[in-house]
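Student: The structure file model-v9.cif (mmCIF, N, CA and C atoms) is provided below.
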data_model
#
loop_
_atom_site.label_atom_id
_atom_site.label_comp_id
_atom_site.auth_asym_id
_atom_site.auth_seq_id
_atom_site.Cartn_x
_atom_site.Cartn_y
_atom_site.Cartn_z
N MET A 15 36.06 -29.72 -16.27
CA MET A 15 35.86 -30.79 -15.31
C MET A 15 34.83 -30.38 -14.25
N THR A 16 34.90 -29.12 -13.83
CA THR A 16 33.97 -28.64 -12.82
C THR A 16 32.53 -28.68 -13.33
N SER A 17 32.33 -28.31 -14.59
CA SER A 17 30.96 -28.32 -15.12
C SER A 17 30.45 -29.76 -15.26
N ALA A 18 31.31 -30.69 -15.59
CA ALA A 18 30.90 -32.09 -15.68
C ALA A 18 30.46 -32.60 -14.31
N PHE A 19 31.19 -32.21 -13.27
CA PHE A 19 30.83 -32.61 -11.91
C PHE A 19 29.49 -31.99 -11.51
N PHE A 20 29.28 -30.73 -11.88
CA PHE A 20 28.02 -30.04 -11.58
C PHE A 20 26.84 -30.77 -12.22
N TYR A 21 26.96 -31.12 -13.51
CA TYR A 21 25.88 -31.82 -14.21
C TYR A 21 25.66 -33.22 -13.64
N PHE A 22 26.73 -33.86 -13.20
CA PHE A 22 26.59 -35.17 -12.57
C PHE A 22 25.80 -35.05 -11.27
N GLN A 23 26.07 -34.00 -10.50
CA GLN A 23 25.34 -33.77 -9.25
C GLN A 23 23.85 -33.53 -9.53
N LEU A 24 23.54 -32.74 -10.57
CA LEU A 24 22.14 -32.50 -10.93
C LEU A 24 21.46 -33.80 -11.33
N PHE A 25 22.16 -34.62 -12.11
CA PHE A 25 21.61 -35.91 -12.51
C PHE A 25 21.37 -36.79 -11.30
N LEU A 26 22.31 -36.84 -10.40
CA LEU A 26 22.20 -37.66 -9.20
C LEU A 26 21.06 -37.18 -8.31
N LEU A 27 20.92 -35.88 -8.16
CA LEU A 27 19.81 -35.32 -7.38
C LEU A 27 18.47 -35.72 -8.00
N GLY A 28 18.36 -35.64 -9.31
CA GLY A 28 17.13 -36.03 -9.98
C GLY A 28 16.85 -37.51 -9.83
N TYR A 29 17.89 -38.30 -9.80
CA TYR A 29 17.72 -39.74 -9.64
C TYR A 29 17.31 -40.11 -8.21
N LEU A 30 17.94 -39.45 -7.23
CA LEU A 30 17.64 -39.76 -5.83
C LEU A 30 16.31 -39.18 -5.39
N TYR A 31 15.94 -38.04 -5.93
CA TYR A 31 14.70 -37.36 -5.56
C TYR A 31 13.85 -37.11 -6.80
N PRO A 32 13.34 -38.17 -7.41
CA PRO A 32 12.61 -37.99 -8.65
C PRO A 32 11.30 -37.24 -8.43
N THR A 33 10.88 -36.55 -9.46
CA THR A 33 9.61 -35.85 -9.39
C THR A 33 8.51 -36.78 -9.88
N ASP A 34 7.37 -36.72 -9.24
CA ASP A 34 6.25 -37.54 -9.65
C ASP A 34 5.25 -36.73 -10.46
N LEU A 35 5.60 -35.52 -10.79
CA LEU A 35 4.70 -34.68 -11.55
C LEU A 35 4.58 -35.24 -12.98
N PRO A 36 3.37 -35.29 -13.51
CA PRO A 36 3.13 -35.96 -14.80
C PRO A 36 3.45 -35.08 -16.01
N TYR A 37 4.67 -34.59 -16.10
CA TYR A 37 5.04 -33.67 -17.18
C TYR A 37 4.82 -34.28 -18.56
N LEU A 38 5.34 -35.44 -18.80
CA LEU A 38 5.25 -36.06 -20.12
C LEU A 38 3.80 -36.35 -20.50
N GLU A 39 3.02 -36.83 -19.55
CA GLU A 39 1.62 -37.15 -19.82
C GLU A 39 0.82 -35.89 -20.14
N ILE A 40 1.12 -34.79 -19.44
CA ILE A 40 0.44 -33.53 -19.72
C ILE A 40 0.82 -33.03 -21.11
N GLU A 41 2.09 -33.12 -21.45
CA GLU A 41 2.55 -32.71 -22.79
C GLU A 41 1.81 -33.49 -23.87
N LYS A 42 1.75 -34.80 -23.74
CA LYS A 42 1.05 -35.63 -24.73
C LYS A 42 -0.44 -35.31 -24.78
N SER A 43 -1.02 -35.00 -23.62
CA SER A 43 -2.44 -34.69 -23.55
C SER A 43 -2.77 -33.36 -24.23
N PHE A 44 -1.89 -32.38 -24.10
CA PHE A 44 -2.10 -31.13 -24.82
C PHE A 44 -2.02 -31.37 -26.32
N GLU A 45 -1.04 -32.15 -26.76
CA GLU A 45 -0.87 -32.38 -28.18
C GLU A 45 -2.00 -33.21 -28.78
N SER A 46 -2.61 -34.09 -27.98
CA SER A 46 -3.73 -34.90 -28.47
C SER A 46 -5.08 -34.30 -28.08
N ASN A 47 -5.06 -33.11 -27.45
CA ASN A 47 -6.27 -32.39 -27.04
C ASN A 47 -7.12 -33.21 -26.08
N ASN A 48 -6.47 -33.90 -25.16
CA ASN A 48 -7.15 -34.76 -24.19
C ASN A 48 -7.43 -33.96 -22.91
N SER A 49 -8.49 -33.17 -22.96
CA SER A 49 -8.83 -32.33 -21.81
C SER A 49 -9.22 -33.17 -20.61
N GLU A 50 -9.78 -34.35 -20.85
CA GLU A 50 -10.19 -35.22 -19.75
C GLU A 50 -8.99 -35.62 -18.89
N TYR A 51 -7.89 -36.02 -19.54
CA TYR A 51 -6.70 -36.43 -18.78
C TYR A 51 -6.09 -35.23 -18.04
N ILE A 52 -6.00 -34.09 -18.73
CA ILE A 52 -5.40 -32.91 -18.10
C ILE A 52 -6.16 -32.53 -16.84
N ILE A 53 -7.48 -32.46 -16.95
CA ILE A 53 -8.30 -32.05 -15.81
C ILE A 53 -8.32 -33.12 -14.72
N SER A 54 -8.19 -34.39 -15.09
CA SER A 54 -8.15 -35.45 -14.07
C SER A 54 -6.92 -35.32 -13.18
N ASN A 55 -5.92 -34.57 -13.63
CA ASN A 55 -4.71 -34.33 -12.83
C ASN A 55 -4.78 -33.03 -12.05
N CYS A 56 -5.98 -32.47 -11.93
CA CYS A 56 -6.17 -31.22 -11.19
C CYS A 56 -6.79 -31.49 -9.82
N GLU A 57 -6.67 -30.49 -8.94
CA GLU A 57 -7.38 -30.54 -7.68
C GLU A 57 -8.88 -30.60 -7.97
N ASN A 58 -9.70 -30.86 -6.95
CA ASN A 58 -11.16 -30.97 -7.15
C ASN A 58 -11.74 -29.72 -7.79
N THR A 59 -11.26 -28.55 -7.41
CA THR A 59 -11.61 -27.32 -8.10
C THR A 59 -10.32 -26.73 -8.64
N VAL A 60 -10.40 -26.21 -9.85
CA VAL A 60 -9.20 -25.72 -10.52
C VAL A 60 -9.45 -24.30 -11.03
N LEU A 61 -8.45 -23.44 -10.85
CA LEU A 61 -8.49 -22.11 -11.43
C LEU A 61 -8.03 -22.25 -12.88
N LEU A 62 -8.90 -21.87 -13.80
CA LEU A 62 -8.60 -22.00 -15.22
C LEU A 62 -8.77 -20.63 -15.86
N VAL A 63 -7.70 -20.16 -16.49
CA VAL A 63 -7.72 -18.88 -17.19
C VAL A 63 -7.37 -19.17 -18.64
N VAL A 64 -8.31 -18.88 -19.54
CA VAL A 64 -8.09 -19.11 -20.97
C VAL A 64 -8.31 -17.79 -21.68
N ASP A 65 -7.23 -17.23 -22.21
CA ASP A 65 -7.26 -15.94 -22.91
C ASP A 65 -7.97 -14.86 -22.12
N GLY A 66 -7.67 -14.76 -20.85
CA GLY A 66 -8.21 -13.70 -20.01
C GLY A 66 -9.53 -14.03 -19.33
N ASN A 67 -10.21 -15.09 -19.75
CA ASN A 67 -11.46 -15.51 -19.11
C ASN A 67 -11.13 -16.44 -17.96
N GLU A 68 -11.39 -15.97 -16.76
CA GLU A 68 -10.97 -16.68 -15.54
C GLU A 68 -12.17 -17.27 -14.82
N GLY A 69 -11.97 -18.47 -14.28
CA GLY A 69 -13.01 -19.07 -13.48
C GLY A 69 -12.45 -20.18 -12.60
N ILE A 70 -13.17 -20.46 -11.54
CA ILE A 70 -12.84 -21.60 -10.69
C ILE A 70 -13.89 -22.66 -10.99
N TYR A 71 -13.44 -23.81 -11.47
CA TYR A 71 -14.35 -24.82 -11.99
C TYR A 71 -14.17 -26.17 -11.30
N ASN A 72 -15.25 -26.95 -11.29
CA ASN A 72 -15.12 -28.36 -10.93
C ASN A 72 -14.61 -29.08 -12.18
N HIS A 73 -14.37 -30.37 -12.07
CA HIS A 73 -13.75 -31.10 -13.18
C HIS A 73 -14.57 -31.07 -14.46
N SER A 74 -15.88 -31.29 -14.37
CA SER A 74 -16.68 -31.35 -15.60
C SER A 74 -16.74 -29.98 -16.28
N GLN A 75 -16.85 -28.91 -15.50
CA GLN A 75 -16.86 -27.57 -16.09
C GLN A 75 -15.51 -27.23 -16.72
N ALA A 76 -14.44 -27.52 -16.00
CA ALA A 76 -13.09 -27.23 -16.51
C ALA A 76 -12.81 -28.01 -17.78
N GLN A 77 -13.27 -29.24 -17.83
CA GLN A 77 -13.08 -30.07 -19.02
C GLN A 77 -13.81 -29.46 -20.22
N MET A 78 -15.01 -28.93 -19.99
CA MET A 78 -15.76 -28.29 -21.08
C MET A 78 -15.04 -27.04 -21.58
N VAL A 79 -14.51 -26.23 -20.67
CA VAL A 79 -13.79 -25.00 -21.07
C VAL A 79 -12.54 -25.36 -21.85
N LEU A 80 -11.78 -26.33 -21.37
CA LEU A 80 -10.55 -26.73 -22.05
C LEU A 80 -10.85 -27.40 -23.40
N SER A 81 -11.91 -28.20 -23.46
CA SER A 81 -12.31 -28.82 -24.73
C SER A 81 -12.70 -27.76 -25.76
N ASP A 82 -13.36 -26.71 -25.30
CA ASP A 82 -13.73 -25.62 -26.20
C ASP A 82 -12.48 -24.92 -26.74
N PHE A 83 -11.48 -24.72 -25.90
CA PHE A 83 -10.21 -24.14 -26.35
C PHE A 83 -9.58 -25.04 -27.42
N PHE A 84 -9.55 -26.34 -27.17
CA PHE A 84 -8.95 -27.28 -28.13
C PHE A 84 -9.76 -27.35 -29.43
N ARG A 85 -11.06 -27.11 -29.36
CA ARG A 85 -11.88 -27.09 -30.58
C ARG A 85 -11.45 -25.93 -31.49
N HIS A 86 -11.11 -24.80 -30.87
CA HIS A 86 -10.68 -23.64 -31.64
C HIS A 86 -9.21 -23.73 -32.06
N TYR A 87 -8.40 -24.41 -31.26
CA TYR A 87 -6.95 -24.51 -31.51
C TYR A 87 -6.50 -25.97 -31.38
N PRO A 88 -6.85 -26.82 -32.34
CA PRO A 88 -6.56 -28.26 -32.22
C PRO A 88 -5.14 -28.64 -32.64
N SER A 89 -4.70 -29.75 -32.08
CA SER A 89 -3.48 -30.45 -32.52
C SER A 89 -2.24 -29.57 -32.58
N GLY A 90 -1.99 -28.85 -31.51
CA GLY A 90 -0.81 -28.00 -31.46
C GLY A 90 0.41 -28.74 -30.93
N GLU A 91 1.52 -28.07 -31.01
CA GLU A 91 2.77 -28.59 -30.44
C GLU A 91 2.94 -28.00 -29.05
N PHE A 92 3.29 -28.84 -28.09
CA PHE A 92 3.45 -28.43 -26.70
C PHE A 92 4.90 -28.63 -26.32
N GLU A 93 5.51 -27.58 -25.79
CA GLU A 93 6.93 -27.67 -25.41
C GLU A 93 7.16 -26.90 -24.12
N TYR A 94 7.77 -27.59 -23.15
CA TYR A 94 8.09 -26.95 -21.87
C TYR A 94 9.26 -25.99 -22.04
N ARG A 95 9.15 -24.85 -21.37
CA ARG A 95 10.27 -23.90 -21.29
C ARG A 95 10.88 -23.93 -19.90
N PHE A 96 10.08 -24.32 -18.90
CA PHE A 96 10.56 -24.44 -17.53
C PHE A 96 9.71 -25.48 -16.82
N GLN A 97 10.38 -26.36 -16.06
CA GLN A 97 9.70 -27.35 -15.24
C GLN A 97 10.33 -27.34 -13.87
N GLY A 98 9.51 -27.28 -12.84
CA GLY A 98 10.07 -27.45 -11.51
C GLY A 98 9.72 -26.37 -10.54
N LYS A 99 10.59 -26.22 -9.55
CA LYS A 99 10.35 -25.29 -8.46
C LYS A 99 11.10 -24.00 -8.69
N GLU A 100 10.42 -22.92 -8.39
CA GLU A 100 11.08 -21.62 -8.35
C GLU A 100 11.46 -21.33 -6.91
N THR A 101 10.57 -21.67 -5.98
CA THR A 101 10.84 -21.52 -4.56
C THR A 101 10.20 -22.72 -3.86
N ASP A 102 10.40 -22.82 -2.56
CA ASP A 102 9.74 -23.89 -1.82
C ASP A 102 8.24 -23.70 -1.77
N GLU A 103 7.79 -22.48 -1.99
CA GLU A 103 6.36 -22.17 -1.92
C GLU A 103 5.65 -22.50 -3.23
N GLU A 104 6.36 -22.45 -4.35
CA GLU A 104 5.70 -22.60 -5.65
C GLU A 104 6.34 -23.71 -6.48
N ILE A 105 5.50 -24.52 -7.07
CA ILE A 105 5.94 -25.49 -8.06
C ILE A 105 5.13 -25.19 -9.31
N PHE A 106 5.81 -24.82 -10.38
CA PHE A 106 5.08 -24.50 -11.59
C PHE A 106 5.89 -24.84 -12.83
N SER A 107 5.21 -24.83 -13.96
CA SER A 107 5.84 -25.08 -15.24
C SER A 107 5.34 -24.05 -16.24
N VAL A 108 6.19 -23.71 -17.17
CA VAL A 108 5.83 -22.80 -18.25
C VAL A 108 6.09 -23.54 -19.56
N ALA A 109 5.11 -23.47 -20.46
CA ALA A 109 5.23 -24.16 -21.74
C ALA A 109 4.66 -23.29 -22.85
N SER A 110 4.93 -23.70 -24.08
CA SER A 110 4.35 -23.07 -25.26
C SER A 110 3.44 -24.08 -25.93
N TYR A 111 2.31 -23.59 -26.42
CA TYR A 111 1.39 -24.40 -27.22
C TYR A 111 1.24 -23.69 -28.56
N LEU A 112 1.74 -24.30 -29.63
CA LEU A 112 1.78 -23.67 -30.94
C LEU A 112 0.78 -24.33 -31.88
N VAL A 113 -0.12 -23.52 -32.46
CA VAL A 113 -1.09 -23.99 -33.44
C VAL A 113 -1.08 -23.01 -34.60
N SER A 114 -0.71 -23.48 -35.77
CA SER A 114 -0.61 -22.63 -36.96
C SER A 114 0.23 -21.40 -36.62
N SER A 115 -0.34 -20.22 -36.76
CA SER A 115 0.41 -19.00 -36.47
C SER A 115 0.16 -18.49 -35.05
N TYR A 116 -0.59 -19.26 -34.25
CA TYR A 116 -0.91 -18.87 -32.88
C TYR A 116 0.08 -19.48 -31.90
N LYS A 117 0.55 -18.65 -30.98
CA LYS A 117 1.46 -19.13 -29.94
C LYS A 117 0.86 -18.78 -28.59
N PHE A 118 0.63 -19.79 -27.77
CA PHE A 118 0.07 -19.61 -26.44
C PHE A 118 1.11 -19.96 -25.40
N THR A 119 1.09 -19.23 -24.30
CA THR A 119 1.91 -19.57 -23.14
C THR A 119 1.00 -20.30 -22.16
N VAL A 120 1.47 -21.43 -21.68
CA VAL A 120 0.70 -22.25 -20.73
C VAL A 120 1.48 -22.28 -19.42
N LEU A 121 0.83 -21.77 -18.37
CA LEU A 121 1.43 -21.78 -17.04
C LEU A 121 0.65 -22.77 -16.18
N LEU A 122 1.33 -23.79 -15.69
CA LEU A 122 0.73 -24.80 -14.82
C LEU A 122 1.28 -24.60 -13.42
N SER A 123 0.39 -24.41 -12.46
CA SER A 123 0.79 -24.26 -11.06
C SER A 123 0.35 -25.52 -10.32
N PHE A 124 1.28 -26.15 -9.63
CA PHE A 124 0.98 -27.41 -8.95
C PHE A 124 0.65 -27.18 -7.49
N SER A 125 -0.19 -28.03 -6.99
CA SER A 125 -0.74 -27.92 -5.63
C SER A 125 0.32 -28.22 -4.57
N LYS A 126 0.21 -27.49 -3.47
CA LYS A 126 1.04 -27.80 -2.29
C LYS A 126 0.25 -28.72 -1.36
N LYS A 127 -1.07 -28.74 -1.52
CA LYS A 127 -1.93 -29.54 -0.64
C LYS A 127 -2.08 -30.97 -1.14
N GLU A 128 -2.37 -31.12 -2.42
CA GLU A 128 -2.58 -32.45 -3.00
C GLU A 128 -1.40 -32.79 -3.89
N LYS A 129 -0.68 -33.83 -3.53
CA LYS A 129 0.55 -34.21 -4.23
C LYS A 129 0.28 -34.48 -5.71
N ASN A 130 1.09 -33.87 -6.54
CA ASN A 130 1.09 -34.08 -7.98
C ASN A 130 -0.18 -33.63 -8.69
N LYS A 131 -0.94 -32.75 -8.09
CA LYS A 131 -2.17 -32.25 -8.71
C LYS A 131 -1.96 -30.82 -9.18
N ILE A 132 -2.61 -30.47 -10.29
CA ILE A 132 -2.54 -29.12 -10.83
C ILE A 132 -3.53 -28.25 -10.07
N GLN A 133 -3.07 -27.11 -9.64
CA GLN A 133 -3.92 -26.15 -8.92
C GLN A 133 -4.54 -25.15 -9.88
N SER A 134 -3.76 -24.71 -10.88
CA SER A 134 -4.29 -23.75 -11.84
C SER A 134 -3.61 -23.92 -13.20
N ILE A 135 -4.38 -23.55 -14.22
CA ILE A 135 -3.89 -23.57 -15.60
C ILE A 135 -4.19 -22.20 -16.18
N ASN A 136 -3.18 -21.55 -16.73
CA ASN A 136 -3.35 -20.25 -17.35
C ASN A 136 -2.84 -20.36 -18.78
N ILE A 137 -3.74 -20.13 -19.74
CA ILE A 137 -3.39 -20.20 -21.16
C ILE A 137 -3.60 -18.80 -21.74
N SER A 138 -2.52 -18.19 -22.22
CA SER A 138 -2.63 -16.83 -22.78
C SER A 138 -1.84 -16.72 -24.06
N GLN A 139 -2.28 -15.78 -24.90
CA GLN A 139 -1.63 -15.59 -26.19
C GLN A 139 -0.58 -14.51 -26.10
#
Would you write the structure of this file as structure tokens?

Tutor:
Amino acid sequence: MTSAFFYFQLFLLGYLYPTDLPYLEIEKSFESNNSEYIISNCENTVLLVVDGNEGIYNHSQAQMVLSDFFRHYPSGEFEYRFQGKETDEEIFSVASYLVSSYKFTVLLSFSKKEKNKIQSINISQ
């Protein structure tokens, strides 16, 4: 009974304080390789790390880098492992992107300055 009450409280908290972060849209965009949509949800400049290559990019540059990644690893499966806040200072998500025998970890860090915008994307194998 106690666990049912706990889950009801979590559900109620999520209902009363819904998140506006575009989790589902980002998931679909990774699976359809829509770099334009992903980057449109980023701050004006975004820290992008792809397999150890790090850079701070504007939207058009970041879109080119992400499109190049999708060209090499197209049509993968995207699955969240964690969504939400770890602390009041950080809002991030961890996901897996699976293509053939390749498994990538995708870390999305959300902005504290611009509501619902991605601050950084880290894709590593």

Student: Assign secondary structure with DSSP using the backbone only, and return the residues of chain A in helix (DSSP H, G or I) as an MDAnalysis selection string.

Tutor: chainID A and resid 16:30 37:45 49:54 73:86

Student: Name all residues at most 6.5 Å from A:Ile53 (count all atoms listed in the file; drop same-chain ones fewer than 2 positions away) and give them as a list in words.

Tutor: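 Close residues of A:Ile53: Asn48, Ser49, Glu50, Tyr51, Asn55, Cys56, His73, Ala76 and Gln77 of chain A.
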
Student: What residues come out when you apply the PyMOL selection byres ((chain A and resi 105-112) around 5) to this file, written as a PyMOL selection string?

Tutor: chain A and resi 90-99+103-104+113-114+116-124

Student: What separation in Å, quoted to one decimal, exists between atom N of A:Phe83 and atom CA of A:Val64?

Tutor: 8.2 Å

Student: Just checking: using all atoms listed in the file, which residue out of A:Ile70, A:Gln139, A:Lys126, A:Asn47 ends up closest to A:Phe84?

Tutor: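 Selected residue with least distance to A:Phe84: A:Asn47.
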
Student: Could you give me the residues within chain A that DSSP places in strand (DSSP E or B), as number ranges by chain?

Tutor: A: 56-64, 67-72, 91-99, 105-113, 116-124, 132-138

Student: Any idea what the distance is between atom CA of A:Leu61 and atom CA of A:Ser115?

Tutor: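 Taking atom CA of A:Leu61 as the start and atom CA of A:Ser115 as the end point, the length is 26.8 Å.
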
Student: Around all the atoms of stretch 55-69 of chain A listed in the file, draw an axis-aligned box and extend it by 3 Å on each of the six sides; I want its centre and edge lengths in Å to one decimal, as JSON.

Tutor:
{"center_x": -8.9, "center_y": -24.1, "center_z": -14.9, "size_x": 14.3, "size_y": 26.9, "size_z": 22.0}

Student: What is the distance between atom N of A:Leu35 and atom N of A:Lys131, in Å to one decimal?

Tutor: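 These two atoms are separated by 7.6 Å.
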
Student: Looking at only C-alpha atoms, which of A:Pro36, A:Ser125, A:Ser138, A:Glu45 is the one that sits closest to A:Thr59?

Tutor: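 Closest to A:Thr59, using only C-alpha atoms: A:Ser125.
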
Student: Would you mind telling me which residue in A:Leu80, A:Ile52, A:Ile40, A:Val60 lies nearest to A:Gln133 when using all atoms listed in the file?

Tutor: A:Val60

Student: Which of these, A:Asn67, A:Pro88, A:Ser74, A:Asp82, has the shortest distance to A:Ile137 once you count all atoms listed in the file?

Tutor: A:Asn67
